[in-house]
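*Asks:* Sharing run.csv here; it has CSV, N, CA and C atoms.
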chain,number,residue,atom,x,y,z
H,1,MET,N,-21.5,-9.0,-13.9
H,1,MET,CA,-21.3,-8.5,-12.5
H,1,MET,C,-19.9,-7.9,-12.4
H,2,PRO,N,-19.8,-6.7,-11.9
H,2,PRO,CA,-18.5,-6.1,-11.7
H,2,PRO,C,-17.7,-6.8,-10.6
H,3,ALA,N,-16.4,-6.8,-10.8
H,3,ALA,CA,-15.5,-7.5,-9.8
H,3,ALA,C,-15.6,-6.8,-8.5
H,4,MET,N,-15.6,-7.7,-7.4
H,4,MET,CA,-15.8,-7.1,-6.1
H,4,MET,C,-14.6,-6.2,-5.7
H,5,PHE,N,-13.4,-6.6,-6.1
H,5,PHE,CA,-12.2,-5.8,-5.8
H,5,PHE,C,-11.6,-5.4,-7.1
H,6,ALA,N,-12.3,-4.5,-7.8
H,6,ALA,CA,-11.7,-4.0,-9.1
H,6,ALA,C,-10.4,-3.3,-9.0
H,7,THR,N,-10.3,-2.5,-7.9
H,7,THR,CA,-9.0,-1.8,-7.7
H,7,THR,C,-8.5,-2.0,-6.3
H,8,VAL,N,-7.3,-2.5,-6.3
H,8,VAL,CA,-6.6,-2.9,-5.0
H,8,VAL,C,-5.5,-1.9,-4.8
H,9,LEU,N,-5.5,-1.2,-3.6
H,9,LEU,CA,-4.4,-0.3,-3.3
H,9,LEU,C,-3.5,-1.0,-2.3
H,10,PHE,N,-2.2,-1.0,-2.7
H,10,PHE,CA,-1.2,-1.7,-1.8
H,10,PHE,C,-0.1,-0.7,-1.4
H,11,PRO,N,-0.2,-0.1,-0.2
H,11,PRO,CA,0.9,0.8,0.2
H,11,PRO,C,2.1,-0.1,0.6
H,12,ILE,N,3.3,0.3,0.1
H,12,ILE,CA,4.5,-0.5,0.5
H,12,ILE,C,5.5,0.4,1.2
H,13,ASP,N,6.3,-0.3,2.0
H,13,ASP,CA,7.5,0.3,2.6
H,13,ASP,C,8.6,-0.6,2.7
H,14,ARG,N,9.6,-0.3,3.5
H,14,ARG,CA,10.8,-1.2,3.5
H,14,ARG,C,10.8,-2.3,4.5
H,15,SER,N,9.7,-2.5,5.2
H,15,SER,CA,9.6,-3.5,6.2
H,15,SER,C,9.6,-4.9,5.6
H,16,ARG,N,10.0,-5.9,6.4
H,16,ARG,CA,10.0,-7.3,6.0
H,16,ARG,C,8.6,-7.7,5.8
H,17,GLN,N,7.7,-7.2,6.6
H,17,GLN,CA,6.3,-7.5,6.5
H,17,GLN,C,5.6,-7.1,5.2
H,18,ALA,N,6.1,-6.0,4.7
H,18,ALA,CA,5.5,-5.5,3.4
H,18,ALA,C,5.7,-6.6,2.3
H,19,ARG,N,6.9,-7.3,2.4
H,19,ARG,CA,7.1,-8.3,1.4
H,19,ARG,C,6.2,-9.5,1.6
H,20,GLU,N,5.9,-9.8,2.9
H,20,GLU,CA,5.0,-10.9,3.2
H,20,GLU,C,3.5,-10.5,2.7
H,21,THR,N,3.2,-9.3,3.0
H,21,THR,CA,1.9,-8.8,2.6
H,21,THR,C,1.7,-8.7,1.1
H,22,ALA,N,2.8,-8.5,0.3
H,22,ALA,CA,2.8,-8.5,-1.1
H,22,ALA,C,2.2,-9.8,-1.7
H,23,ALA,N,2.5,-10.9,-1.0
H,23,ALA,CA,2.0,-12.2,-1.5
H,23,ALA,C,0.5,-12.3,-1.4
H,24,VAL,N,-0.1,-11.7,-0.3
H,24,VAL,CA,-1.5,-11.6,-0.1
H,24,VAL,C,-2.2,-10.7,-1.2
H,25,ALA,N,-1.5,-9.6,-1.4
H,25,ALA,CA,-2.0,-8.6,-2.4
H,25,ALA,C,-2.0,-9.3,-3.8
H,26,LEU,N,-1.0,-10.0,-4.1
H,26,LEU,CA,-0.9,-10.7,-5.4
H,26,LEU,C,-2.0,-11.7,-5.6
H,27,GLN,N,-2.2,-12.5,-4.6
H,27,GLN,CA,-3.3,-13.5,-4.6
H,27,GLN,C,-4.6,-12.9,-4.8
H,28,LEU,N,-4.9,-11.8,-4.1
H,28,LEU,CA,-6.2,-11.1,-4.2
H,28,LEU,C,-6.4,-10.6,-5.6
H,29,VAL,N,-5.4,-9.9,-6.1
H,29,VAL,CA,-5.4,-9.3,-7.5
H,29,VAL,C,-5.6,-10.4,-8.5
H,30,GLN,N,-4.9,-11.5,-8.4
H,30,GLN,CA,-5.1,-12.6,-9.4
H,30,GLN,C,-6.5,-13.2,-9.3
H,31,GLN,N,-7.0,-13.5,-8.1
H,31,GLN,CA,-8.3,-14.1,-7.9
H,31,GLN,C,-9.4,-13.2,-8.5
H,32,HIS,N,-9.3,-11.9,-8.3
H,32,HIS,CA,-10.4,-11.0,-8.7
H,32,HIS,C,-10.1,-10.3,-10.0
H,33,ASN,N,-8.9,-10.6,-10.7
H,33,ASN,CA,-8.6,-9.9,-11.9
H,33,ASN,C,-8.6,-8.4,-11.7
H,34,SER,N,-8.0,-7.9,-10.6
H,34,SER,CA,-8.1,-6.5,-10.2
H,34,SER,C,-7.0,-5.7,-10.8
H,35,GLN,N,-7.2,-4.4,-10.7
H,35,GLN,CA,-6.2,-3.4,-11.1
H,35,GLN,C,-5.4,-3.2,-9.8
H,36,LEU,N,-4.1,-3.2,-9.9
H,36,LEU,CA,-3.2,-3.0,-8.7
H,36,LEU,C,-2.6,-1.7,-8.7
H,37,VAL,N,-2.7,-1.0,-7.6
H,37,VAL,CA,-2.0,0.3,-7.5
H,37,VAL,C,-1.0,0.3,-6.3
H,38,LEU,N,0.2,0.5,-6.6
H,38,LEU,CA,1.3,0.5,-5.5
H,38,LEU,C,1.5,1.9,-5.1
H,39,LEU,N,1.5,2.1,-3.8
H,39,LEU,CA,1.6,3.4,-3.2
H,39,LEU,C,2.8,3.5,-2.3
H,40,SER,N,3.6,4.5,-2.4
H,40,SER,CA,4.7,4.7,-1.5
H,40,SER,C,4.5,6.1,-0.9
H,41,VAL,N,4.6,6.2,0.4
H,41,VAL,CA,4.4,7.5,1.0
H,41,VAL,C,5.8,7.9,1.6
H,42,VAL,N,6.2,9.1,1.2
H,42,VAL,CA,7.5,9.6,1.7
H,42,VAL,C,7.2,10.6,2.8
H,43,GLU,N,7.7,10.4,4.0
H,43,GLU,CA,7.6,11.3,5.1
H,43,GLU,C,8.7,12.4,4.9
H,44,PRO,N,8.3,13.7,4.8
H,44,PRO,CA,9.3,14.7,4.6
H,44,PRO,C,10.4,14.7,5.7
H,45,GLY,N,11.6,14.7,5.2
H,45,GLY,CA,12.7,14.7,6.1
H,45,GLY,C,13.1,13.4,6.8
H,46,GLN,N,12.3,12.3,6.5
H,46,GLN,CA,12.5,11.0,7.1
H,46,GLN,C,12.9,9.9,6.2
H,47,ASP,N,12.6,10.1,4.9
H,47,ASP,CA,12.8,9.0,3.9
H,47,ASP,C,13.8,9.5,2.8
H,48,ASP,N,14.6,8.5,2.4
H,48,ASP,CA,15.5,8.7,1.3
H,48,ASP,C,14.7,8.5,0.0
H,49,LEU,N,14.5,9.5,-0.8
H,49,LEU,CA,13.7,9.5,-2.0
H,49,LEU,C,14.2,8.4,-3.0
H,50,GLN,N,15.5,8.3,-3.2
H,50,GLN,CA,16.1,7.3,-4.1
H,50,GLN,C,15.7,5.9,-3.6
H,51,GLU,N,15.8,5.7,-2.3
H,51,GLU,CA,15.5,4.4,-1.8
H,51,GLU,C,14.0,4.0,-2.0
H,52,VAL,N,13.2,5.0,-1.8
H,52,VAL,CA,11.7,4.8,-2.0
H,52,VAL,C,11.4,4.5,-3.5
H,53,ALA,N,12.1,5.2,-4.4
H,53,ALA,CA,11.9,5.0,-5.8
H,53,ALA,C,12.3,3.6,-6.2
H,54,HIS,N,13.4,3.2,-5.7
H,54,HIS,CA,14.0,1.9,-5.9
H,54,HIS,C,13.0,0.8,-5.4
H,55,LEU,N,12.5,1.0,-4.2
H,55,LEU,CA,11.5,0.1,-3.6
H,55,LEU,C,10.3,-0.1,-4.5
H,56,LEU,N,9.8,1.0,-5.0
H,56,LEU,CA,8.6,0.9,-5.9
H,56,LEU,C,8.9,0.2,-7.2
H,57,GLU,N,10.1,0.4,-7.8
H,57,GLU,CA,10.5,-0.3,-9.0
H,57,GLU,C,10.6,-1.8,-8.8
H,58,GLU,N,11.2,-2.1,-7.6
H,58,GLU,CA,11.4,-3.5,-7.2
H,58,GLU,C,10.0,-4.2,-7.1
H,59,ALA,N,9.1,-3.6,-6.4
H,59,ALA,CA,7.8,-4.1,-6.2
H,59,ALA,C,7.0,-4.3,-7.5
H,60,LYS,N,7.1,-3.2,-8.3
H,60,LYS,CA,6.4,-3.3,-9.6
H,60,LYS,C,7.0,-4.4,-10.5
H,61,ALA,N,8.3,-4.6,-10.5
H,61,ALA,CA,8.9,-5.7,-11.2
H,61,ALA,C,8.5,-7.1,-10.7
H,62,SER,N,8.4,-7.2,-9.4
H,62,SER,CA,8.1,-8.5,-8.9
H,62,SER,C,6.6,-8.9,-9.2
H,63,PHE,N,5.7,-7.9,-9.2
H,63,PHE,CA,4.3,-8.1,-9.6
H,63,PHE,C,4.2,-8.5,-11.0
H,64,GLU,N,5.0,-7.7,-11.9
H,64,GLU,CA,5.0,-8.0,-13.3
H,64,GLU,C,5.5,-9.4,-13.6
H,65,GLN,N,6.5,-9.8,-12.9
H,65,GLN,CA,7.0,-11.2,-13.1
H,65,GLN,C,5.9,-12.2,-12.9
H,66,ALA,N,5.0,-11.9,-12.0
H,66,ALA,CA,3.9,-12.8,-11.7
H,66,ALA,C,2.7,-12.6,-12.6
H,67,GLY,N,2.9,-11.7,-13.6
H,67,GLY,CA,1.9,-11.4,-14.6
H,67,GLY,C,0.9,-10.4,-14.2
H,68,VAL,N,1.2,-9.6,-13.2
H,68,VAL,CA,0.3,-8.6,-12.7
H,68,VAL,C,0.9,-7.2,-13.0
H,69,PRO,N,0.3,-6.4,-13.9
H,69,PRO,CA,0.8,-5.1,-14.1
H,69,PRO,C,0.3,-4.2,-13.0
H,70,SER,N,1.0,-3.1,-12.7
H,70,SER,CA,0.6,-2.2,-11.6
H,70,SER,C,0.8,-0.8,-12.0
H,71,GLN,N,0.1,0.1,-11.3
H,71,GLN,CA,0.3,1.5,-11.5
H,71,GLN,C,1.0,1.9,-10.2
H,72,VAL,N,1.9,2.9,-10.3
H,72,VAL,CA,2.7,3.3,-9.2
H,72,VAL,C,2.4,4.8,-8.8
H,73,ILE,N,2.2,5.0,-7.5
H,73,ILE,CA,2.0,6.4,-7.1
H,73,ILE,C,2.9,6.6,-5.9
H,74,GLU,N,3.6,7.8,-6.0
H,74,GLU,CA,4.5,8.2,-4.9
H,74,GLU,C,4.0,9.5,-4.4
H,75,ARG,N,3.8,9.6,-3.1
H,75,ARG,CA,3.3,10.8,-2.5
H,75,ARG,C,4.1,11.2,-1.2
H,76,GLU,N,4.0,12.4,-0.8
H,76,GLU,CA,4.6,12.9,0.4
H,76,GLU,C,3.6,13.2,1.4
H,77,GLY,N,3.9,12.9,2.7
H,77,GLY,CA,3.0,13.3,3.8
H,77,GLY,C,3.0,12.2,4.9
H,78,LYS,N,1.9,12.4,5.7
H,78,LYS,CA,1.7,11.4,6.8
H,78,LYS,C,1.1,10.1,6.2
H,79,PRO,N,1.7,9.0,6.4
H,79,PRO,CA,1.2,7.8,5.7
H,79,PRO,C,-0.3,7.5,5.8
H,80,ALA,N,-0.9,7.5,7.0
H,80,ALA,CA,-2.3,7.1,7.1
H,80,ALA,C,-3.2,8.0,6.3
H,81,PHE,N,-2.9,9.3,6.4
H,81,PHE,CA,-3.7,10.3,5.7
H,81,PHE,C,-3.6,10.2,4.2
H,82,VAL,N,-2.3,10.0,3.7
H,82,VAL,CA,-2.1,9.9,2.3
H,82,VAL,C,-2.7,8.7,1.8
H,83,ILE,N,-2.6,7.6,2.5
H,83,ILE,CA,-3.2,6.3,2.0
H,83,ILE,C,-4.7,6.5,1.9
H,84,GLY,N,-5.4,7.1,2.8
H,84,GLY,CA,-6.8,7.4,2.8
H,84,GLY,C,-7.2,8.2,1.6
H,85,ASP,N,-6.4,9.3,1.4
H,85,ASP,CA,-6.7,10.2,0.3
H,85,ASP,C,-6.5,9.6,-1.1
H,86,VAL,N,-5.4,8.8,-1.2
H,86,VAL,CA,-5.2,8.1,-2.5
H,86,VAL,C,-6.3,7.1,-2.8
H,87,ALA,N,-6.7,6.3,-1.7
H,87,ALA,CA,-7.8,5.3,-1.9
H,87,ALA,C,-9.0,6.0,-2.4
H,88,ASP,N,-9.3,7.2,-1.9
H,88,ASP,CA,-10.5,8.0,-2.3
H,88,ASP,C,-10.3,8.4,-3.8
H,89,GLU,N,-9.1,9.0,-4.1
H,89,GLU,CA,-8.9,9.5,-5.5
H,89,GLU,C,-9.0,8.4,-6.5
H,90,ILE,N,-8.5,7.2,-6.3
H,90,ILE,CA,-8.5,6.1,-7.3
H,90,ILE,C,-9.7,5.3,-7.2
H,91,ASN,N,-10.6,5.6,-6.2
H,91,ASN,CA,-11.8,4.8,-6.0
H,91,ASN,C,-11.5,3.3,-5.7
H,92,ALA,N,-10.5,3.1,-4.8
H,92,ALA,CA,-10.1,1.8,-4.4
H,92,ALA,C,-11.2,1.0,-3.8
H,93,ASP,N,-11.3,-0.3,-4.1
H,93,ASP,CA,-12.3,-1.2,-3.5
H,93,ASP,C,-11.8,-1.8,-2.2
H,94,VAL,N,-10.4,-1.9,-2.1
H,94,VAL,CA,-9.8,-2.5,-0.9
H,94,VAL,C,-8.4,-2.0,-0.8
H,95,ILE,N,-8.0,-1.8,0.5
H,95,ILE,CA,-6.5,-1.5,0.8
H,95,ILE,C,-6.0,-2.7,1.4
H,96,VAL,N,-4.8,-3.2,0.9
H,96,VAL,CA,-4.1,-4.3,1.5
H,96,VAL,C,-2.9,-3.8,2.2
H,97,MET,N,-2.7,-4.1,3.5
H,97,MET,CA,-1.5,-3.6,4.2
H,97,MET,C,-1.2,-4.5,5.4
H,98,GLY,N,0.0,-4.4,5.9
H,98,GLY,CA,0.4,-5.2,7.1
H,98,GLY,C,0.1,-4.5,8.3
H,99,THR,N,0.1,-5.2,9.5
H,99,THR,CA,-0.2,-4.5,10.7
H,99,THR,C,0.9,-3.7,11.2
H,100,ARG,N,2.1,-4.1,10.8
H,100,ARG,CA,3.3,-3.2,11.2
H,100,ARG,C,3.9,-2.7,9.9
H,101,GLY,N,4.9,-1.9,10.1
H,101,GLY,CA,5.5,-1.3,8.9
H,101,GLY,C,4.9,0.0,8.6
H,102,ILE,N,5.1,0.5,7.4
H,102,ILE,CA,4.9,1.9,7.0
H,102,ILE,C,5.7,2.7,8.0
H,103,THR,N,5.1,3.3,9.0
H,103,THR,CA,5.9,3.9,10.1
H,103,THR,C,4.9,4.2,11.2
H,104,LEU,N,5.4,4.2,12.4
H,104,LEU,CA,4.5,4.5,13.6
H,104,LEU,C,4.4,6.0,13.7
H,105,GLU,N,3.2,6.4,13.9
H,105,GLU,CA,2.9,7.9,14.0
H,105,GLU,C,3.4,8.3,15.4
H,106,THR,N,3.6,9.5,15.7
H,106,THR,CA,4.1,10.0,16.9
H,106,THR,C,3.2,9.6,18.1
H,107,ASP,N,1.9,9.4,17.9
H,107,ASP,CA,1.1,9.0,19.0
H,107,ASP,C,1.1,7.5,19.2
H,108,HIS,N,2.0,6.8,18.5
H,108,HIS,CA,2.2,5.3,18.7
H,108,HIS,C,1.0,4.5,18.3
H,109,GLN,N,0.0,5.0,17.6
H,109,GLN,CA,-1.0,4.2,17.0
H,109,GLN,C,-0.5,3.8,15.7
H,110,SER,N,-0.7,2.5,15.3
H,110,SER,CA,-0.1,2.0,14.1
H,110,SER,C,-0.7,2.7,12.9
H,111,THR,N,0.0,2.8,11.8
H,111,THR,CA,-0.5,3.3,10.6
H,111,THR,C,-1.8,2.5,10.1
H,112,ALA,N,-1.7,1.2,10.3
H,112,ALA,CA,-2.8,0.4,9.9
H,112,ALA,C,-4.1,0.8,10.6
H,113,ALA,N,-4.0,1.0,11.9
H,113,ALA,CA,-5.1,1.4,12.8
H,113,ALA,C,-5.7,2.7,12.3
H,114,ARG,N,-4.8,3.7,12.0
H,114,ARG,CA,-5.2,5.0,11.5
H,114,ARG,C,-5.9,4.8,10.1
H,115,VAL,N,-5.4,4.0,9.3
H,115,VAL,CA,-5.9,3.8,7.9
H,115,VAL,C,-7.4,3.3,8.0
H,116,ILE,N,-7.5,2.3,8.9
H,116,ILE,CA,-8.9,1.7,9.1
H,116,ILE,C,-9.9,2.8,9.5
H,117,GLN,N,-9.4,3.7,10.3
H,117,GLN,CA,-10.3,4.8,10.7
H,117,GLN,C,-10.6,5.8,9.6
H,118,LEU,N,-9.6,6.0,8.7
H,118,LEU,CA,-9.7,7.1,7.7
H,118,LEU,C,-10.2,6.6,6.3
H,119,ALA,N,-10.0,5.3,6.1
H,119,ALA,CA,-10.2,4.8,4.7
H,119,ALA,C,-11.7,4.9,4.2
H,120,PRO,N,-11.8,5.2,2.9
H,120,PRO,CA,-13.1,5.2,2.3
H,120,PRO,C,-13.6,3.9,1.8
H,121,CYS,N,-12.8,2.8,2.1
H,121,CYS,CA,-13.2,1.5,1.6
H,121,CYS,C,-12.7,0.5,2.6
H,122,PRO,N,-13.0,-0.8,2.4
H,122,PRO,CA,-12.5,-1.8,3.4
H,122,PRO,C,-11.0,-1.9,3.3
H,123,VAL,N,-10.4,-2.3,4.5
H,123,VAL,CA,-9.0,-2.5,4.6
H,123,VAL,C,-8.7,-3.9,5.0
H,124,LEU,N,-7.9,-4.6,4.2
H,124,LEU,CA,-7.5,-6.0,4.5
H,124,LEU,C,-6.1,-5.9,5.2
H,125,VAL,N,-6.1,-6.1,6.5
H,125,VAL,CA,-4.9,-6.0,7.3
H,125,VAL,C,-4.3,-7.4,7.5
H,126,VAL,N,-3.1,-7.6,7.0
H,126,VAL,CA,-2.4,-8.9,7.1
H,126,VAL,C,-1.5,-8.9,8.3
H,127,PRO,N,-1.7,-9.9,9.2
H,127,PRO,CA,-0.9,-9.9,10.4
H,127,PRO,C,0.6,-10.3,10.1
If you convert what's in this file into structure tokens, what do you get?
*Replies:*
Amino acid sequence: MPAMFATVLFPIDRSRQARETAAVALQLVQQHNSQLVLLSVVEPGQDDLQEVAHLLEEAKASFEQAGVPSQVIEREGKPAFVIGDVADEINADVIVMGTRGITLETDHQSTAARVIQLAPCPVLVVP
């Protein structure tokens, strides 16, 4: 029987909550022996590219320390749309993300709420 969550997409950002959500992503990946894909979305003109690259490397290293290899994807654009597109591209079985963090869109709807509307797969939102 194929794994229920064969591919887990974990969008990360600089928020404190992203670190807390990482623990949930790790647990899910370990329980289901999933492939982990880390995604960082760079908003043009708003994010420091070096800082984002460093964040991805840190996250990858901390998952590897726990024995979980990961693939890293870095994209540019509006977070909710990019997360949905990448989930579709990699055929993600679940997206794991926090309720806050990433960034608030201009209409003040959280990125998590937008992702839930746009995602091609289930979204596990960690409070």
*Asks:* Distance atom C of H:Ile90-atom CA of H:Val125, one decimal place?
*Replies:*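 Atom CA of H:Val125 lies at a distance of 19.0 Å from atom C of H:Ile90.
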*Asks:* Rounded to one decimal in Å, what is the spacing between atom N of H:Ser15 and atom C of H:Leu118?
*Replies:*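 A separation of 21.9 Å between them.
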*Asks:* Need the shell around H:Thr99: protein/DNA/RNA residues with any atom at most 6.5 Å away, counting all atoms listed in the file. Skip same-chain ones fewer than 2 positions apart. Format as JSON, numbers by chain?
*Replies:* {"H": [97, 101, 110, 112, 125, 126, 127]}
*Asks:* Between atom CA of H:Val8 and atom CA of H:Gln46, measure the distance and give it in Å to one decimal.
*Replies:*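 Going from atom CA of H:Val8 over to atom CA of H:Gln46, I get 26.5 Å.
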*Asks:* Let's see if you can do this: from backbone DSSP, list all helix (DSSP H, G or I) residues in chain H, as a ChimeraX atom specification.
*Replies:* /H:16-32,49-65,79-89,111-118
*Asks:* For H:Lys78, which residue among H:Val41, H:Leu9, H:Ala92, H:Ala119 is the nearest when counting all atoms listed in the file?
*Replies:*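 Nearest candidate to H:Lys78 out of H:Val41, H:Leu9, H:Ala92, H:Ala119: H:Val41.
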*Asks:* Between H:Gln35, H:Val82, H:Arg14, H:Val29, single out the one closest to H:Ala59, counting only C-alpha atoms.
*Replies:*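 Comparing H:Gln35, H:Val82, H:Arg14, H:Val29 against H:Ala59, the winner is H:Arg14.
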*Asks:* Can you pull out the residues contacting H:Thr7? Cut-off 7 Å, using all atoms listed in the file, and skip same-chain residues under 6 positions away; I want them as a PyMOL selection string.
*Replies:* chain H and resi 34-37+91-95
*Asks:* With N, CA and C atoms retained, could you export that selection as a PDB file, in the frame of the given file?
*Replies:*
ATOM      1  N   SER H  34      -8.000  -7.900 -10.600  1.00  0.00           N
ATOM      2  CA  SER H  34      -8.100  -6.500 -10.200  1.00  0.00           C
ATOM      3  C   SER H  34      -7.000  -5.700 -10.800  1.00  0.00           C
ATOM      4  N   GLN H  35      -7.200  -4.400 -10.700  1.00  0.00           N
ATOM      5  CA  GLN H  35      -6.200  -3.400 -11.100  1.00  0.00           C
ATOM      6  C   GLN H  35      -5.400  -3.200  -9.800  1.00  0.00           C
ATOM      7  N   LEU H  36      -4.100  -3.200  -9.900  1.00  0.00           N
ATOM      8  CA  LEU H  36      -3.200  -3.000  -8.700  1.00  0.00           C
ATOM      9  C   LEU H  36      -2.600  -1.700  -8.700  1.00  0.00           C
ATOM     10  N   VAL H  37      -2.700  -1.000  -7.600  1.00  0.00           N
ATOM     11  CA  VAL H  37      -2.000   0.300  -7.500  1.00  0.00           C
ATOM     12  C   VAL H  37      -1.000   0.300  -6.300  1.00  0.00           C
ATOM     13  N   ASN H  91     -10.600   5.600  -6.200  1.00  0.00           N
ATOM     14  CA  ASN H  91     -11.800   4.800  -6.000  1.00  0.00           C
ATOM     15  C   ASN H  91     -11.500   3.300  -5.700  1.00  0.00           C
ATOM     16  N   ALA H  92     -10.500   3.100  -4.800  1.00  0.00           N
ATOM     17  CA  ALA H  92     -10.100   1.800  -4.400  1.00  0.00           C
ATOM     18  C   ALA H  92     -11.200   1.000  -3.800  1.00  0.00           C
ATOM     19  N   ASP H  93     -11.300  -0.300  -4.100  1.00  0.00           N
ATOM     20  CA  ASP H  93     -12.300  -1.200  -3.500  1.00  0.00           C
ATOM     21  C   ASP H  93     -11.800  -1.800  -2.200  1.00  0.00           C
ATOM     22  N   VAL H  94     -10.400  -1.900  -2.100  1.00  0.00           N
ATOM     23  CA  VAL H  94      -9.800  -2.500  -0.900  1.00  0.00           C
ATOM     24  C   VAL H  94      -8.400  -2.000  -0.800  1.00  0.00           C
ATOM     25  N   ILE H  95      -8.000  -1.800   0.500  1.00  0.00           N
ATOM     26  CA  ILE H  95      -6.500  -1.500   0.800  1.00  0.00           C
ATOM     27  C   ILE H  95      -6.000  -2.700   1.400  1.00  0.00           C
TER      28      ILE H  95
END
*Asks:* Could you tell me which of H:Ala87, H:Ala25, H:Val96, H:Leu49 comes closest to H:Val68 if we count only C-alpha atoms?
*Replies:*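 Distance minimum relative to H:Val68 lands on H:Ala25.
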*Asks:* Looking at H:Asp48, H:Leu56, H:Val123, H:Glu43, which one is nearest to H:Ile12, with distances taken over only N, CA and C atoms?
*Replies:*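 Once distances to H:Ile12 are computed over only N, CA and C atoms, the minimum belongs to H:Leu56.
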*Asks:* Find the spatial neighbours of H:Leu38, counting all atoms listed in the file, within a cut-off of 6.5 Å - ignore same-chain residues fewer than 3 positions away - and output them as a PDB file with N, CA and C atoms, in the frame of the given file.
*Replies:*
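So result_2.pdb came out as:
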ATOM      1  N   VAL H   8      -7.300  -2.500  -6.300  1.00  0.00           N
ATOM      2  CA  VAL H   8      -6.600  -2.900  -5.000  1.00  0.00           C
ATOM      3  C   VAL H   8      -5.500  -1.900  -4.800  1.00  0.00           C
ATOM      4  N   LEU H   9      -5.500  -1.200  -3.600  1.00  0.00           N
ATOM      5  CA  LEU H   9      -4.400  -0.300  -3.300  1.00  0.00           C
ATOM      6  C   LEU H   9      -3.500  -1.000  -2.300  1.00  0.00           C
ATOM      7  N   PHE H  10      -2.200  -1.000  -2.700  1.00  0.00           N
ATOM      8  CA  PHE H  10      -1.200  -1.700  -1.800  1.00  0.00           C
ATOM      9  C   PHE H  10      -0.100  -0.700  -1.400  1.00  0.00           C
ATOM     10  N   PRO H  11      -0.200  -0.100  -0.200  1.00  0.00           N
ATOM     11  CA  PRO H  11       0.900   0.800   0.200  1.00  0.00           C
ATOM     12  C   PRO H  11       2.100  -0.100   0.600  1.00  0.00           C
ATOM     13  N   ILE H  12       3.300   0.300   0.100  1.00  0.00           N
ATOM     14  CA  ILE H  12       4.500  -0.500   0.500  1.00  0.00           C
ATOM     15  C   ILE H  12       5.500   0.400   1.200  1.00  0.00           C
ATOM     16  N   SER H  70       1.000  -3.100 -12.700  1.00  0.00           N
ATOM     17  CA  SER H  70       0.600  -2.200 -11.600  1.00  0.00           C
ATOM     18  C   SER H  70       0.800  -0.800 -12.000  1.00  0.00           C
ATOM     19  N   GLN H  71       0.100   0.100 -11.300  1.00  0.00           N
ATOM     20  CA  GLN H  71       0.300   1.500 -11.500  1.00  0.00           C
ATOM     21  C   GLN H  71       1.000   1.900 -10.200  1.00  0.00           C
ATOM     22  N   VAL H  72       1.900   2.900 -10.300  1.00  0.00           N
ATOM     23  CA  VAL H  72       2.700   3.300  -9.200  1.00  0.00           C
ATOM     24  C   VAL H  72       2.400   4.800  -8.800  1.00  0.00           C
ATOM     25  N   ILE H  73       2.200   5.000  -7.500  1.00  0.00           N
ATOM     26  CA  ILE H  73       2.000   6.400  -7.100  1.00  0.00           C
ATOM     27  C   ILE H  73       2.900   6.600  -5.900  1.00  0.00           C
ATOM     28  N   GLU H  74       3.600   7.800  -6.000  1.00  0.00           N
ATOM     29  CA  GLU H  74       4.500   8.200  -4.900  1.00  0.00           C
ATOM     30  C   GLU H  74       4.000   9.500  -4.400  1.00  0.00           C
TER      31      GLU H  74
END
*Asks:* I need the residues of chain H that end up classed as strand (DSSP E) by DSSP on the backbone, written out as JSON, numbers by chain.
*Replies:* {"H": [7, 8, 9, 10, 11, 35, 36, 37, 38, 39, 40, 41, 42, 70, 71, 72, 73, 74, 75, 76, 94, 95, 96, 97, 98, 123, 124, 125, 126]}
*Asks:* For H:Leu39, which residue among H:Leu124, H:Ile83, H:Ala18, H:Val24 is the nearest when counting all atoms listed in the file?
*Replies:*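 Closest residue, counting all atoms listed in the file: H:Ile83.
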